[in-house]
Amino acid sequence: MVTSELGTAGPTVAHDGQAAPVVEVDGLVKRYGTGDSAFTAVRGVSFAVYPGEIFGFLGPNGAGKTTTISVLCTLLRITEGTVRVARYDVARQPDDVRRSIGLIFQDPTLDNQLTAQENLDFHAFAYDVPAAEARERGRHLLELLELWDRRNDLVRTFSGGMKRRLEIARGLLHRPRVLFLDEPTQGLDPQTRALIWRYLLGLRQSDGVTLFMTTHYMDEAEYCDRIAIIDHGQIVALDTPDHLKAMVGGEVVTVRTDDNALAAREIAARWGLEAQVHGAELRLEVARGDEFVPELVRALTPRVEAISVNRPTLDDVFMKLTGRAIRDEESSDVDRMRQFGRAWGGRR
Amino acid sequence: MSVDVRGATGVGIVEARRPSRARAAVRGAYIIWYRDLLRWWRDRQRIIPSLFQPILYLFVFGVGLGSAIGMGMSGGRAGAAPGGVDYTTFMYPGVLAMSVLFTAIFSSMSIVWDREFGFLKEIQVAPIPRTAVAVGKALGGSTVAMLQSAVLLLLAPVVGVAVSPGMVLAMLVLMFLLAFALAALGVAIASRMRTMEGFQVVMNFVLMPLLFLSGAFFPLQGLPGWLAVLTHLDPVAYAVDAMRRVVLSATAAPPEVLRALAITDPSGAPLPILAEVAILLAFIAVGLTLAVRWFGATE
């Protein structure tokens, strides 16, 4: 198990060694409630994010991702520790922090009764962006996100993907130092998700904005320069996606037999490998999967029903670190409920 | 390559614009107020239908009840002037106050709506002081309530009230004061409410008592002691009384009737309108304090 001390280690990529961090978190603890009913959602998290980086928080639902992002965005008070965003102290200078950041939440935060342009106007005025600059910047962003033609339509008539794009435009309107994205593509279909990411990567290129995101989608985490894997309110690993995947030795062999328990014992006895039970399957990490599989099939007493070899994914990393898969049944249920709720909410 | 640069200076960091707190507060309150008005105007086709209920009260309930109690009202106090006031005319300021009451509270409670649909977060993370958000919301709700209820002033001639610029102005001021007190209360309540279901509770335990105790539908004179005490605690009562005096002075009603209907001080003399305005201002102060405190406490 990698300890959370990794979280405080210096960054390894994605900055030139000159820039000061744009987000600095030191020993952050967030506790809800007091006394016996107290619940600690974040248990001592430390990390730094550097300008121009895409920094990801990866973990299952309930790991403390949204709580952390809410603290960073001044929406929740800090219990212990210090957080600085764009050099401002989150606890003491919340208004300065708010001016320096853009936010995209899990659920839409647009006014459906207003047009896209009116939503941008509200934002520009609230953030004190000069009118001429707001017009110009708004047009630039709307064109970039392919919403310019729809700018005078009520947001009510927008699809989920269009709303998300409008929120990205709005979040960047006041030229924030950091754009925070909490599960930015949750509930969107795969094509729309890919499209949103194309825009985000393009914006990083053109505007040099720093992205801080949370996700429980593995493929989404792959876009990050660095990833902090979070579980039970603690960072269990922090590194580039490639380095994280290198933590898993070689390749992952997944095998299903008619007697997994016996198979696991035989594997341990013969190769000294520890097989992790994952549902009806066993998982093994081996150096060369293609050479190992024939041996395994020959040697096992139980009948092999299915077998596969894969390059390690971030899910395997999470599995190795925590012994659990990142998307367990419970979290998919929550997802389904959220989507159901959204469907109903959208009808009003 | 692994470099620890946490000690490095902030090279290349652009200082964010830092407007003063006062400027941020004024701009914030303004844009929140403006959004409420924009949304109201966008929904303007709903203004005419929303007049249906007050009109129903005035002409069906008012005329019906008026005939039941014998059309003419003597002010309900022994020895009051004869001649009296037509019941619909008596009820007219009450219906105006009712419209203000409902519109103001529901407009400002749209905070709950904003929470449900997420827009509240956009407001909460904006660099707007919490106090400015609460004030802007209360101003928005009260402006909408005043404008919407002002449409009912068009009915004045129908109930025998002469329309003059002075009368309209006085009514708008009183309606705004009442609306602001109630909208502030609405913001305070909404800050404590998490779900839409709370609306029904607020209807039952806040709106209806405020309305029934206000003297909108019956004179507050000659009531049993316990009821008289409750009516004096209702801010709406002072607004209804002030509005009724403005309305009745624009009719043929004799001054004795006006005096007989008015809320009195402990010595039995009618309260001056300015005293009633002062009481409304006090209620505004209380409502706004609660609104700012409770809204500021939302985490």
# chains A, B, ... in the order shown; residues from 1 in each chain; ligands from 1

call {"tool": "closest_atom_pairs", "arguments": {"of": "chain A", "to": "chain B", "cutoff": "9 Å", "atoms": "only C-alpha atoms", "output": "tab-separated table"}}
result
residue	atom	partner	partner_atom	distance
A:Ala9	CA	B:Asp4	CA	8.1
A:Gly10	CA	B:Asp4	CA	5.0
A:Pro11	CA	B:Ser2	CA	6.2
A:Thr12	CA	B:Ser2	CA	4.6
A:Val13	CA	B:Met1	CA	7.1
A:Gly17	CA	B:Val5	CA	6.1
A:Gln18	CA	B:Ala8	CA	6.8
A:Ala19	CA	B:Val11	CA	5.9
A:Ala20	CA	B:Gly10	CA	5.1
A:Pro21	CA	B:Arg6	CA	6.7
A:Val22	CA	B:Ile13	CA	8.8
A:Glu24	CA	B:Arg6	CA	8.8
A:Ala48	CA	B:Arg6	CA	8.5
A:Cys73	CA	B:Val125	CA	7.1
A:Thr74	CA	B:Val125	CA	7.2
A:Leu75	CA	B:Glu299	CA	6.5
A:Leu76	CA	B:Glu299	CA	5.9
A:Arg77	CA	B:Glu299	CA	7.6
A:Ala86	CA	B:Ile13	CA	8.1
A:Arg87	CA	B:Gly10	CA	8.4
A:Pro94	CA	B:Pro127	CA	7.9
A:Asp95	CA	B:Pro127	CA	4.8
A:Asp96	CA	B:Arg18	CA	7.1
A:Val97	CA	B:Pro127	CA	8.2
A:Arg98	CA	B:Pro127	CA	5.3
A:Arg99	CA	B:Pro127	CA	5.8
A:Ser100	CA	B:Ala16	CA	6.4
A:Gly102	CA	B:Val125	CA	8.8
A:Leu103	CA	B:Val125	CA	8.1
A:Phe105	CA	B:Lys121	CA	8.6
A:Asp107	CA	B:Gly118	CA	6.9
A:Pro108	CA	B:Gly118	CA	6.0
A:Thr109	CA	B:Gly118	CA	4.2
A:Leu110	CA	B:Phe119	CA	5.4
A:Asp111	CA	B:Phe119	CA	5.9
A:Asn112	CA	B:Phe117	CA	8.5
A:Gln113	CA	B:Arg39	CA	6.8
A:Leu114	CA	B:Arg39	CA	7.3
A:Phe122	CA	B:Ile31	CA	6.5
A:His123	CA	B:Ala126	CA	7.9
A:Phe125	CA	B:Ile31	CA	6.9
A:Ala126	CA	B:Gly28	CA	5.5
A:Tyr127	CA	B:Pro127	CA	6.3
A:Asp128	CA	B:Ala24	CA	7.5
A:Val129	CA	B:Arg17	CA	8.8
A:Pro176	CA	B:Ala16	CA	8.5
A:Arg177	CA	B:Val14	CA	8.7
A:Gly345	CA	B:Phe117	CA	7.8

call {"tool": "residues_around", "arguments": {"residues": "Arg192 in chain B", "least_positions_apart": "6", "cutoff": "12 Å", "atoms": "only C-alpha atoms", "output": "list of chain:residue names"}}
result
B:Met109, B:Ile111, B:Val112, B:Arg115, B:Leu185, B:Gly186, B:Gly198, B:Phe199, B:Val202, B:Leu290, B:Ala291, B:Val292, B:Arg293, B:Trp294, B:Phe295, B:Gly296, B:Ala297, B:Thr298, B:Glu299

call {"tool": "select_by_dssp", "arguments": {"residues": "range 107-320 of chain A", "states": "alpha helix (DSSP H)", "output": "ChimeraX atom specification"}}
result
/A:116-126,131-144,160-172,190-207,218-221,241-246,260-271,289-299,314-320

call {"tool": "atom_distance", "arguments": {"atom1": "CA of Pro54 in chain B", "atom2": "CA of Leu258 in chain B"}}
result
23.5 Å

call {"tool": "atom_distance", "arguments": {"atom1": "CA of Val23 in chain A", "atom2": "CA of Val83 in chain A"}}
result
7.5 Å

call {"tool": "closest_residue", "arguments": {"among": "B:Ala262, B:Ala269, B:Leu37, B:Leu56", "to": "Ala242 in chain B", "atoms": "only C-alpha atoms"}}
result
B:Ala262

call {"tool": "atom_distance", "arguments": {"atom1": "CA of Leu188 in chain A", "atom2": "CA of Glu53 in chain A"}}
result
24.0 Å

call {"tool": "select_by_dssp", "arguments": {"residues": "range 132-258 of chain A", "states": "strand (DSSP E)", "output": "JSON, numbers by chain"}}
result
{"A": [178, 179, 180, 181, 182, 210, 211, 212, 213, 214, 215, 226, 227, 228, 229, 230, 231, 234, 235, 236, 237, 238, 239, 251, 252, 253, 254, 255, 256, 257]}

call {"tool": "write_last_selection", "arguments": {"atoms": "N, CA and C atoms", "output": "CSV table (one decimal), in the first residue's frame"}}
result
chain,number,residue,atom,x,y,z
A,178,VAL,N,-7.7,28.9,-12.4
A,178,VAL,CA,-8.0,27.4,-12.4
A,178,VAL,C,-9.5,27.2,-12.7
A,179,LEU,N,-9.7,26.2,-13.5
A,179,LEU,CA,-11.1,25.8,-13.8
A,179,LEU,C,-11.3,24.5,-13.0
A,180,PHE,N,-12.2,24.5,-12.1
A,180,PHE,CA,-12.5,23.3,-11.3
A,180,PHE,C,-13.7,22.6,-12.0
A,181,LEU,N,-13.5,21.3,-12.2
A,181,LEU,CA,-14.6,20.5,-12.8
A,181,LEU,C,-14.9,19.3,-12.0
A,182,ASP,N,-16.1,19.3,-11.4
A,182,ASP,CA,-16.5,18.1,-10.6
A,182,ASP,C,-17.3,17.2,-11.4
A,210,THR,N,-5.5,26.1,-16.1
A,210,THR,CA,-5.2,25.0,-15.3
A,210,THR,C,-6.5,24.3,-15.0
A,211,LEU,N,-6.6,23.0,-15.2
A,211,LEU,CA,-7.8,22.2,-14.9
A,211,LEU,C,-7.6,21.3,-13.7
A,212,PHE,N,-8.6,21.4,-12.8
A,212,PHE,CA,-8.6,20.5,-11.7
A,212,PHE,C,-9.9,19.8,-11.7
A,213,MET,N,-9.8,18.5,-11.8
A,213,MET,CA,-11.1,17.8,-12.0
A,213,MET,C,-11.2,16.5,-11.1
A,214,THR,N,-12.4,16.2,-10.8
A,214,THR,CA,-12.7,14.9,-10.1
A,214,THR,C,-13.4,14.0,-11.1
A,215,THR,N,-13.2,12.7,-11.0
A,215,THR,CA,-13.9,11.8,-11.9
A,215,THR,C,-13.8,10.4,-11.2
A,226,ARG,N,-1.4,14.6,-14.1
A,226,ARG,CA,-1.2,13.9,-12.9
A,226,ARG,C,-2.5,13.5,-12.3
A,227,ILE,N,-2.5,12.4,-11.5
A,227,ILE,CA,-3.7,11.9,-10.9
A,227,ILE,C,-3.4,11.7,-9.4
A,228,ALA,N,-4.4,12.1,-8.6
A,228,ALA,CA,-4.3,11.7,-7.2
A,228,ALA,C,-5.4,10.7,-7.0
A,229,ILE,N,-5.1,9.5,-6.6
A,229,ILE,CA,-6.1,8.5,-6.3
A,229,ILE,C,-6.5,8.6,-4.9
A,230,ILE,N,-7.8,8.8,-4.7
A,230,ILE,CA,-8.3,9.1,-3.4
A,230,ILE,C,-9.3,8.0,-3.0
A,231,ASP,N,-9.2,7.6,-1.7
A,231,ASP,CA,-10.1,6.6,-1.2
A,231,ASP,C,-10.3,6.8,0.3
A,234,GLN,N,-8.5,9.9,1.8
A,234,GLN,CA,-7.1,10.0,1.8
A,234,GLN,C,-6.5,9.8,0.4
A,235,ILE,N,-5.4,10.4,0.1
A,235,ILE,CA,-4.7,10.2,-1.2
A,235,ILE,C,-3.9,9.0,-1.0
A,236,VAL,N,-4.1,7.9,-1.8
A,236,VAL,CA,-3.4,6.7,-1.7
A,236,VAL,C,-2.2,6.7,-2.7
A,237,ALA,N,-2.3,7.5,-3.7
A,237,ALA,CA,-1.2,7.6,-4.7
A,237,ALA,C,-1.4,8.8,-5.5
A,238,LEU,N,-0.2,9.4,-5.9
A,238,LEU,CA,-0.3,10.6,-6.8
A,238,LEU,C,0.9,10.6,-7.7
A,239,ASP,N,0.5,10.5,-9.0
A,239,ASP,CA,1.6,10.4,-10.0
A,239,ASP,C,1.0,10.6,-11.4
A,251,GLU,N,1.4,-7.2,-16.7
A,251,GLU,CA,0.0,-7.2,-17.3
A,251,GLU,C,-0.9,-7.9,-16.3
A,252,VAL,N,-2.2,-7.7,-16.6
A,252,VAL,CA,-3.2,-8.2,-15.7
A,252,VAL,C,-3.9,-9.4,-16.4
A,253,VAL,N,-3.9,-10.5,-15.7
A,253,VAL,CA,-4.6,-11.7,-16.2
A,253,VAL,C,-5.9,-11.9,-15.4
A,254,THR,N,-7.0,-12.0,-16.1
A,254,THR,CA,-8.2,-12.2,-15.4
A,254,THR,C,-8.7,-13.6,-15.8
A,255,VAL,N,-9.0,-14.4,-14.8
A,255,VAL,CA,-9.4,-15.8,-15.1
A,255,VAL,C,-10.6,-16.2,-14.3
A,256,ARG,N,-11.5,-16.9,-14.9
A,256,ARG,CA,-12.7,-17.5,-14.2
A,256,ARG,C,-12.7,-19.0,-14.3
A,257,THR,N,-12.8,-19.7,-13.2
A,257,THR,CA,-12.8,-21.1,-13.2
A,257,THR,C,-14.0,-21.6,-12.5
